[in-house]
$ cat query22.pdb   # PDB, C-alpha atoms
ATOM      1  CA  MET A   1       0.000   0.000   0.000
ATOM      2  CA  ARG A   2       1.327   3.408  -0.846
ATOM      3  CA  LYS A   3       1.466   5.736   2.115
ATOM      4  CA  THR A   4       2.628   9.313   2.387
ATOM      5  CA  PHE A   5       3.383  10.782   5.787
ATOM      6  CA  VAL A   6       4.354  14.221   7.031
ATOM      7  CA  LEU A   7       5.649  14.535  10.562
ATOM      8  CA  LEU A   8       5.751  17.937  12.262
ATOM      9  CA  ALA A   9       7.587  18.905  15.387
ATOM     10  CA  LEU A  10       5.406  19.993  18.287
ATOM     11  CA  THR A  11       4.825  23.730  18.283
ATOM     12  CA  ALA A  12       6.913  25.536  20.864
ATOM     13  CA  LEU A  13       6.875  29.235  21.547
ATOM     14  CA  ALA A  14      10.093  30.605  22.936
ATOM     15  CA  SER A  15       9.654  33.588  25.244
ATOM     16  CA  PHE A  16      10.842  36.799  23.657
ATOM     17  CA  SER A  17      14.325  37.824  24.760
ATOM     18  CA  PHE A  18      15.575  41.239  23.693
ATOM     19  CA  ALA A  19      19.091  42.592  23.232
ATOM     20  CA  GLN A  20      20.519  45.297  21.044
ATOM     21  CA  SER A  21      23.516  46.556  19.034
ATOM     22  CA  SER A  22      24.758  45.395  15.671
ATOM     23  CA  GLY A  23      25.540  41.700  15.729
ATOM     24  CA  ASN A  24      22.652  41.010  18.149
ATOM     25  CA  PHE A  25      21.620  37.331  18.153
ATOM     26  CA  SER A  26      18.428  35.625  19.327
ATOM     27  CA  TYR A  27      16.998  32.133  18.962
ATOM     28  CA  GLY A  28      14.196  29.688  19.711
ATOM     29  CA  ASN A  29      13.900  25.902  19.457
ATOM     30  CA  THR A  30      11.421  23.057  19.878
ATOM     31  CA  GLY A  31      13.425  21.203  22.518
ATOM     32  CA  THR A  32      13.849  17.437  22.323
ATOM     33  CA  THR A  33      11.258  16.771  19.601
ATOM     34  CA  HIS A  34      13.008  15.088  16.687
ATOM     35  CA  CYS A  35      12.200  12.985  13.612
ATOM     36  CA  VAL A  36      13.833   9.570  13.272
ATOM     37  CA  LEU A  37      13.727   7.195  10.301
ATOM     38  CA  ASN A  38      13.512   3.812  11.989
ATOM     39  CA  ASN A  39      15.968   1.177  10.752
ATOM     40  CA  ASP A  40      13.566  -1.726  11.277
ATOM     41  CA  GLY A  41      12.660  -2.699   7.723
ATOM     42  CA  THR A  42       9.377  -0.775   7.775
ATOM     43  CA  GLY A  43      10.373   2.737   6.643
ATOM     44  CA  THR A  44       8.371   4.285   9.470
ATOM     45  CA  ILE A  45       9.200   7.715  10.888
ATOM     46  CA  SER A  46       8.742   8.599  14.542
ATOM     47  CA  GLY A  47       9.765  11.205  17.110
ATOM     48  CA  GLY A  48       7.788  14.221  15.933
ATOM     49  CA  SER A  49       4.185  15.352  15.597
ATOM     50  CA  MET A  50       2.618  13.534  12.657
ATOM     51  CA  CYS A  51       0.512  15.058   9.918
ATOM     52  CA  ALA A  52      -0.969  12.161   7.955
ATOM     53  CA  GLN A  53      -3.499  11.602   5.207
ATOM     54  CA  GLN A  54      -4.590   8.728   2.966
ATOM     55  CA  ALA A  55      -6.887   8.083   0.024
ATOM     56  CA  GLY A  56      -9.431   6.018   1.974
ATOM     57  CA  ALA A  57     -10.400   5.251   5.558
ATOM     58  CA  SER A  58      -8.252   2.711   7.417
ATOM     59  CA  CYS A  59      -9.676  -0.783   7.675
ATOM     60  CA  THR A  60      -8.914  -4.411   8.399
ATOM     61  CA  THR A  61     -11.859  -5.923   6.528
ATOM     62  CA  SER A  62     -14.664  -4.585   4.362
ATOM     63  CA  ALA A  63     -17.076  -4.878   7.288
ATOM     64  CA  THR A  64     -16.107  -1.359   8.447
ATOM     65  CA  CYS A  65     -16.170   0.267   4.991
ATOM     66  CA  THR A  66     -19.049   2.515   3.935
ATOM     67  CA  GLY A  67     -20.407   3.982   0.727
ATOM     68  CA  GLY A  68     -20.030   0.783  -1.252
ATOM     69  CA  THR A  69     -16.248   0.725  -0.830
ATOM     70  CA  THR A  70     -14.075  -2.345  -0.260
ATOM     71  CA  CYS A  71     -11.187  -2.797   2.173
ATOM     72  CA  PHE A  72      -8.067  -3.298   0.060
ATOM     73  CA  ASN A  73      -5.647  -4.845   2.567
ATOM     74  CA  PRO A  74      -2.978  -6.995   0.869
ATOM     75  CA  THR A  75      -1.051  -7.727   4.075
ATOM     76  CA  GLY A  76      -4.114  -8.503   6.193
ATOM     77  CA  ALA A  77      -2.621  -6.588   9.134
ATOM     78  CA  THR A  78      -4.906  -4.788  11.554
ATOM     79  CA  MET A  79      -6.048  -1.415  10.128
ATOM     80  CA  ALA A  80      -3.421  -1.673   7.355
ATOM     81  CA  GLY A  81      -5.949  -1.469   4.518
ATOM     82  CA  GLN A  82      -7.929   1.372   2.952
ATOM     83  CA  CYS A  83     -11.626   1.576   2.057
ATOM     84  CA  VAL A  84     -11.681   2.473  -1.653
ATOM     85  CA  ASP A  85     -13.492   1.724  -4.861
ATOM     86  CA  SER A  86     -12.264   1.702  -8.450
ATOM     87  CA  THR A  87     -12.881   5.456  -8.914
ATOM     88  CA  SER A  88     -10.019   6.278  -6.503
ATOM     89  CA  GLY A  89      -7.170   7.658  -8.602
ATOM     90  CA  GLY A  90      -9.356   7.489 -11.708
ATOM     91  CA  SER A  91     -10.151  10.221 -14.223
ATOM     92  CA  CYS A  92     -12.978  12.644 -13.451
ATOM     93  CA  THR A  93     -14.642  15.790 -14.676
ATOM     94  CA  SER A  94     -16.653  16.542 -11.522
ATOM     95  CA  ASN A  95     -16.957  15.449  -7.892
ATOM     96  CA  ALA A  96     -19.863  13.207  -8.868
ATOM     97  CA  ASN A  97     -17.373  10.889 -10.594
ATOM     98  CA  CYS A  98     -15.504  10.277  -7.304
ATOM     99  CA  THR A  99     -17.482   7.842  -5.141
ATOM    100  CA  THR A 100     -14.835   6.946  -2.533
ATOM    101  CA  PRO A 101     -15.942   8.865   0.620
ATOM    102  CA  GLY A 102     -13.903  12.024   1.224
ATOM    103  CA  GLN A 103     -12.503  12.227  -2.309
ATOM    104  CA  THR A 104     -13.081  15.037  -4.804
ATOM    105  CA  CYS A 105     -12.139  15.685  -8.412
ATOM    106  CA  ILE A 106      -8.722  17.411  -8.353
ATOM    107  CA  LEU A 107      -8.251  19.439 -11.532
ATOM    108  CA  PRO A 108      -4.763  20.331 -12.857
ATOM    109  CA  VAL A 109      -3.325  23.635 -11.601
ATOM    110  CA  SER A 110      -2.331  24.447 -15.184
ATOM    111  CA  GLY A 111      -5.972  24.190 -16.262
ATOM    112  CA  GLY A 112      -8.120  21.596 -17.974
ATOM    113  CA  ALA A 113     -11.493  19.917 -17.602
ATOM    114  CA  THR A 114     -10.243  16.434 -16.659
ATOM    115  CA  GLY A 115      -8.813  15.684 -13.239
ATOM    116  CA  ILE A 116      -8.104  12.800 -10.850
ATOM    117  CA  CYS A 117     -10.174  11.538  -7.926
ATOM    118  CA  GLY A 118      -8.244  11.911  -4.682
ATOM    119  CA  VAL A 119      -7.641  13.798  -1.433
ATOM    120  CA  VAL A 120      -5.531  16.976  -1.309
ATOM    121  CA  SER A 121      -4.683  19.163   1.703
ATOM    122  CA  ASN A 122      -2.618  22.351   1.502
ATOM    123  CA  GLY A 123      -1.608  24.270   4.616
ATOM    124  CA  ALA A 124      -2.335  21.275   6.852
ATOM    125  CA  CYS A 125      -1.034  20.776  10.405
ATOM    126  CA  ALA A 126       0.475  24.225  10.801
ATOM    127  CA  GLY A 127       3.027  24.911  13.548
ATOM    128  CA  SER A 128       5.203  27.846  14.562
ATOM    129  CA  LEU A 129       8.226  28.931  16.587
ATOM    130  CA  SER A 130       9.018  32.450  17.813
ATOM    131  CA  ALA A 131      11.944  34.539  19.021
ATOM    132  CA  GLY A 132      12.333  38.215  19.965
ATOM    133  CA  ILE A 133      14.991  40.785  19.104
ATOM    134  CA  LYS A 134      15.596  44.510  19.760
ATOM    135  CA  THR A 135      17.428  47.006  17.576
ATOM    136  CA  ASN A 136      18.454  50.663  17.657
ATOM    137  CA  SER A 137      17.751  52.869  14.662
ATOM    138  CA  GLY A 138      20.442  53.185  12.049
ATOM    139  CA  SER A 139      20.842  53.124   8.317
ATOM    140  CA  GLY A 140      21.318  49.670   6.863
ATOM    141  CA  ASN A 141      20.046  47.645   9.847
ATOM    142  CA  VAL A 142      18.547  44.292   8.868
ATOM    143  CA  PHE A 143      17.639  41.022  10.569
ATOM    144  CA  VAL A 144      18.791  37.734   9.087
ATOM    145  CA  VAL A 145      16.254  35.060  10.049
ATOM    146  CA  ARG A 146      17.098  31.380   9.577
ATOM    147  CA  PRO A 147      14.629  28.630  10.492
ATOM    148  CA  SER A 148      16.405  25.243  10.408
ATOM    149  CA  ALA A 149      14.488  21.993  10.644
ATOM    150  CA  VAL A 150      14.794  18.243  10.281
ATOM    151  CA  ILE A 151      12.003  17.082   7.972
ATOM    152  CA  GLY A 152      10.764  13.566   7.321
ATOM    153  CA  LEU A 153       8.636  12.492   4.364
ATOM    154  CA  LEU A 154       7.055   9.083   3.908
ATOM    155  CA  THR A 155       5.195   8.018   0.776
ATOM    156  CA  ASP A 156       3.617   4.590   0.336
ATOM    157  CA  VAL A 157       1.573   3.670  -2.757
ATOM    158  CA  THR A 158      -0.168   0.518  -3.958
ATOM    159  CA  VAL A 159      -1.800  -0.602  -7.187
ATOM    160  CA  GLY A 160      -3.960  -3.701  -7.163
ATOM    161  CA  LYS A 161      -6.890  -5.679  -8.438
ATOM    162  CA  ASN A 162      -9.315  -8.124  -6.861
ATOM    163  CA  GLY A 163     -12.916  -9.113  -7.351
ATOM    164  CA  THR A 164     -14.269  -5.623  -6.518
ATOM    165  CA  VAL A 165     -11.404  -3.102  -6.835
ATOM    166  CA  ASP A 166      -9.270  -2.373  -9.903
ATOM    167  CA  ILE A 167      -6.732   0.456  -9.433
ATOM    168  CA  GLY A 168      -3.851   0.637 -11.913
ATOM    169  CA  THR A 169      -2.364   4.025 -10.907
ATOM    170  CA  SER A 170      -1.673   5.477  -7.452
ATOM    171  CA  SER A 171       0.290   8.558  -6.431
ATOM    172  CA  ALA A 172       1.131  10.544  -3.304
ATOM    173  CA  LEU A 173       2.674  13.881  -2.385
ATOM    174  CA  ALA A 174       4.182  15.014   0.910
ATOM    175  CA  GLY A 175       5.842  18.368   1.526
ATOM    176  CA  VAL A 176       6.579  21.036   4.136
ATOM    177  CA  ASP A 177       6.658  24.815   3.564
ATOM    178  CA  PHE A 178       8.108  27.464   5.897
ATOM    179  CA  LYS A 179       7.427  31.191   6.073
ATOM    180  CA  VAL A 180       8.607  34.042   8.315
ATOM    181  CA  SER A 181       6.478  36.858   9.758
ATOM    182  CA  VAL A 182       7.565  39.884  11.810
ATOM    183  CA  THR A 183       5.499  41.752  14.402
ATOM    184  CA  PRO A 184       6.657  45.217  15.571
ATOM    185  CA  GLU A 185       6.315  45.210  19.380
ATOM    186  CA  SER A 186       6.923  48.932  19.965
ATOM    187  CA  GLY A 187       4.625  50.603  17.439
ATOM    188  CA  GLN A 188       7.185  50.697  14.610
ATOM    189  CA  PRO A 189       6.239  50.534  10.920
ATOM    190  CA  GLN A 190       5.808  47.032   9.548
ATOM    191  CA  PRO A 191       9.179  45.954   8.113
ATOM    192  CA  ASN A 192       9.592  44.278   4.747
ATOM    193  CA  VAL A 193      10.276  40.507   4.771
ATOM    194  CA  ILE A 194      12.222  39.012   1.862
ATOM    195  CA  PRO A 195      10.977  36.656   0.513
ATOM    196  CA  SER A 196       7.372  37.434   1.458
ATOM    197  CA  PHE A 197       6.007  34.015   0.450
ATOM    198  CA  PRO A 198       6.365  30.457   1.824
ATOM    199  CA  ILE A 199       9.487  28.472   0.881
ATOM    200  CA  THR A 200       9.317  24.733   0.236
ATOM    201  CA  TYR A 201      11.860  23.052   2.492
ATOM    202  CA  SER A 202      11.150  19.548   1.263
ATOM    203  CA  SER A 203       8.572  17.989  -1.035
ATOM    204  CA  ARG A 204       8.203  14.688  -2.853
ATOM    205  CA  PHE A 205       5.771  13.208  -5.389
ATOM    206  CA  VAL A 206       5.749   9.508  -6.270
ATOM    207  CA  GLN A 207       3.542   7.583  -8.680
ATOM    208  CA  ILE A 208       3.223   3.951  -9.649
ATOM    209  CA  SER A 209       1.288   2.629 -12.653
ATOM    210  CA  THR A 210       0.824  -0.808 -14.177
ATOM    211  CA  ASN A 211      -1.279  -2.629 -16.765
ATOM    212  CA  LEU A 212      -0.077  -6.009 -15.490
ATOM    213  CA  PHE A 213      -3.356  -6.859 -13.806
ATOM    214  CA  SER A 214      -5.334  -6.194 -16.985
ATOM    215  CA  VAL A 215      -2.955  -8.451 -18.907
ATOM    216  CA  LEU A 216      -3.394 -11.190 -16.326
ATOM    217  CA  GLY A 217      -7.137 -11.010 -16.867
ATOM    218  CA  THR A 218      -9.148 -13.140 -14.443
ATOM    219  CA  LEU A 219      -6.135 -14.592 -12.609
ATOM    220  CA  CYS A 220      -6.428 -11.807  -9.995
ATOM    221  CA  THR A 221     -10.190 -12.086  -9.549
ATOM    222  CA  THR A 222     -11.502 -15.583 -10.254
ATOM    223  CA  VAL A 223     -11.464 -18.658  -8.045
ATOM    224  CA  ALA A 224      -9.797 -21.482  -9.990
ATOM    225  CA  PRO A 225     -11.478 -24.914 -10.319
ATOM    226  CA  VAL A 226     -10.263 -27.949  -8.424
ATOM    227  CA  ASN A 227      -6.584 -28.405  -9.212
ATOM    228  CA  GLY A 228      -4.764 -31.599 -10.042
ATOM    229  CA  VAL A 229      -3.732 -32.358  -6.465
ATOM    230  CA  GLY A 230      -7.080 -31.562  -4.944
ATOM    231  CA  GLY A 231      -8.470 -28.411  -3.374
ATOM    232  CA  VAL A 232      -9.501 -25.068  -4.798
ATOM    233  CA  THR A 233      -7.147 -22.180  -5.628
ATOM    234  CA  THR A 234      -8.582 -18.958  -4.165
ATOM    235  CA  ALA A 235      -7.943 -15.640  -5.922
ATOM    236  CA  VAL A 236      -6.485 -13.429  -3.190
ATOM    237  CA  GLY A 237      -5.971 -10.460  -5.528
ATOM    238  CA  CYS A 238      -2.873  -8.988  -7.169
ATOM    239  CA  PHE A 239      -0.934  -5.964  -5.927
ATOM    240  CA  ILE A 240       2.327  -4.013  -6.184
ATOM    241  CA  SER A 241       3.472  -1.660  -3.407
ATOM    242  CA  PHE A 242       6.147   1.044  -3.383
ATOM    243  CA  ASN A 243       7.369   2.756  -0.208
ATOM    244  CA  GLU A 244       9.882   5.624   0.058
ATOM    245  CA  SER A 245      10.982   7.517   3.186
ATOM    246  CA  THR A 246      13.503  10.307   3.780
ATOM    247  CA  VAL A 247      14.629  12.463   6.702
ATOM    248  CA  SER A 248      16.873  15.467   6.038
ATOM    249  CA  ALA A 249      17.904  18.835   7.506
ATOM    250  CA  GLN A 250      16.899  22.067   5.758
ATOM    251  CA  SER A 251      17.409  25.827   6.222
ATOM    252  CA  PHE A 252      16.824  29.125   4.397
ATOM    253  CA  ASP A 253      17.628  32.795   5.121
ATOM    254  CA  TRP A 254      14.983  35.538   5.260
ATOM    255  CA  ILE A 255      16.009  39.222   5.346
ATOM    256  CA  VAL A 256      13.941  41.665   7.412
ATOM    257  CA  GLY A 257      14.748  45.272   6.569
ATOM    258  CA  ALA A 258      13.406  48.587   5.325
ATOM    259  CA  PRO A 259       9.647  49.003   5.823
ATOM    260  CA  THR A 260       8.834  49.455   2.124
ATOM    261  CA  ALA A 261       8.822  46.820  -0.581
ATOM    262  CA  ALA A 262      11.114  49.049  -2.653
ATOM    263  CA  GLY A 263      13.788  48.758   0.042
ATOM    264  CA  THR A 264      13.659  52.405   1.130
ATOM    265  CA  GLY A 265      13.409  53.694   4.657
ATOM    266  CA  THR A 266      15.063  52.474   7.843
ATOM    267  CA  LEU A 267      14.356  49.558  10.153
ATOM    268  CA  ALA A 268      12.960  51.472  13.136
ATOM    269  CA  SER A 269      14.334  50.993  16.642
ATOM    270  CA  GLY A 270      12.395  48.892  19.121
ATOM    271  CA  ASN A 271      11.409  45.333  19.863
ATOM    272  CA  TYR A 272      10.355  42.858  17.184
ATOM    273  CA  GLY A 273       8.734  39.456  17.422
ATOM    274  CA  ILE A 274       9.960  37.022  14.771
ATOM    275  CA  THR A 275       7.845  33.949  13.993
ATOM    276  CA  ALA A 276       8.712  31.056  11.693
ATOM    277  CA  SER A 277       5.723  28.884  10.839
ATOM    278  CA  TRP A 278       5.327  25.732   8.791
ATOM    279  CA  SER A 279       2.533  23.765   7.175
ATOM    280  CA  SER A 280       2.204  20.552   5.205
ATOM    281  CA  SER A 281       0.951  19.739   1.723
ATOM    282  CA  LEU A 282      -0.577  16.282   1.225
ATOM    283  CA  GLY A 283      -2.121  14.566  -1.779
ATOM    284  CA  ASP A 284      -3.311  10.973  -2.222
ATOM    285  CA  PHE A 285      -4.782   9.222  -5.256
ATOM    286  CA  GLY A 286      -5.636   5.571  -5.805
ATOM    287  CA  ILE A 287      -4.542   3.497  -2.797
ATOM    288  CA  ALA A 288      -2.178   5.841  -0.989
ATOM    289  CA  SER A 289      -1.392   7.755   2.188
ATOM    290  CA  SER A 290       1.041  10.525   3.087
ATOM    291  CA  MET A 291       2.741  11.994   6.148
ATOM    292  CA  THR A 292       5.264  14.713   7.001
ATOM    293  CA  CYS A 293       7.479  15.150  10.058
ATOM    294  CA  VAL A 294       9.170  18.337  11.282
ATOM    295  CA  GLY A 295      11.520  18.507  14.216
ATOM    296  CA  PRO A 296      13.686  19.589  15.823
ATOM    297  CA  VAL A 297      13.324  23.189  14.653
ATOM    298  CA  ASN A 298      15.789  25.987  15.463
ATOM    299  CA  LEU A 299      15.047  29.651  14.765
ATOM    300  CA  THR A 300      18.014  32.034  14.746
ATOM    301  CA  VAL A 301      17.749  35.811  14.331
ATOM    302  CA  GLN A 302      20.801  38.024  13.903
ATOM    303  CA  GLN A 303      21.039  41.772  13.406
ATOM    304  CA  ASN A 304      23.429  42.868  10.681
ATOM    305  CA  LYS A 305      24.182  46.133   8.915
ATOM    306  CA  VAL A 306      24.204  46.523   5.146
ATOM    307  CA  PHE A 307      27.085  48.659   3.889
ATOM    308  CA  SER A 308      27.639  50.133   0.450
ATOM    309  CA  PHE A 309      31.114  49.719  -0.948
ATOM    310  CA  ASP A 310      30.842  53.118  -2.660
ATOM    311  CA  THR A 311      29.094  55.213  -0.027
ATOM    312  CA  PRO A 312      29.408  54.595   3.726
ATOM    313  CA  ASN A 313      26.087  54.223   5.521
ATOM    314  CA  ALA A 314      25.145  56.948   7.980
ATOM    315  CA  LEU A 315      25.421  55.754  11.595
TER     316      LEU A 315
END

$ encode --input "query22.pdb" --output "structure tokens"
Amino acid sequence: MRKTFVLLALTALASFSFAQSSGNFSYGNTGTTHCVLNNDGTGTISGGSMCAQQAGASCTTSATCTGGTTCFNPTGATMAGQCVDSTSGGSCTSNANCTTPGQTCILPVSGGATGICGVVSNGACAGSLSAGIKTNSGSGNVFVVRPSAVIGLLTDVTVGKNGTVDIGTSSALAGVDFKVSVTPESGQPQPNVIPSFPITYSSRFVQISTNLFSVLGTLCTTVAPVNGVGGVTTAVGCFISFNESTVSAQSFDWIVGAPTAAGTGTLASGNYGITASWSSSLGDFGIASSMTCVGPVNLTVQQNKVFSFDTPNAL
């Protein structure tokens, strides 16, 4: 079964601590929360706060499935299956074509009338971390903000066919975006943050497709007659699974400076609250699930001064 997981570190708010002068440094962190890729042959990730999603509801047998769906559970393990029908991951033109509960018709971002039945979440499981810093007025003052995080992504996808479900393509996406926001604490003008949009720290899309089960015909779905040595061969269904997990460290620098987008003006003196926040993007089609993991997270803020090589900045 294809699964995609996103694991997020527990949100921790560091109390604001203020200092001043050029070269000022401040930080926050999420403590002992950390993502670990377990070396146990399963590809599971633990140690952080999970953000998970899958194409269908978890199940062990079809007895718990609703809406005419079937529990596709190749391993037979407890709650290791998903309640889906053959529309999951299939083509669609409207939500009416997607009959697996919770799924909608996801149209291409680039445009078009034909999409894919699945589950997509953007901005899911948001968390944040804060730090405070104080500065005196002066030309060229800027803050360099660097959120650093360990991020884990797990994607697990399955294609399969049995007597009631026929899914030849499954895909999953897991990703984590970070952004930085600044709050003036002393009535100063709102400073400009560069870049002013979220940055993708890590993201992965995987897809698996096959026509093997169609070629095999009824071998995946039909109970064979009595064989030559006695007994009946039961069709247990055909499937292929693909699982991929990664954990890696990421960072990016934001610059907080002049209060206008054009870069004019001066970063006013006073206290500032710096917040780095993150959210997950998840998408599941066919027989799939996704998860992200974030943690530990460090937030460092340093005051610097921008100098021109041709004209000294006024102090």

$ resolve_selection --input "query22.pdb" --expression "the PyMOL selection byres ((chain A and resi 202) around 10)" --output "list in words"
Val150, Ile151, Gly152, Leu153, Ala174, Gly175, Val176, Asp177, Phe178, Ile199, Thr200, Tyr201, Ser203, Arg204, Thr246, Val247, Ser248, Ala249, Gln250, Ser280 and Thr292 of chain A

$ atom_distance --input "query22.pdb" --atom1 "atom CA of Ser241 of chain A" --atom2 "atom CA of Gly217 of chain A"
19.5 Å

$ closest_residue --input "query22.pdb" --among "A:Asn192, A:Thr300, A:Asn29, A:Asn73" --to "Val145 of chain A" --atoms "only C-alpha atoms"
A:Thr300

$ atom_distance --input "query22.pdb" --atom1 "atom CA of Cys117 of chain A" --atom2 "atom CA of Ala172 of chain A"
12.3 Å

$ atom_distance --input "query22.pdb" --atom1 "atom CA of Ser130 of chain A" --atom2 "atom CA of Ser186 of chain A"
16.8 Å
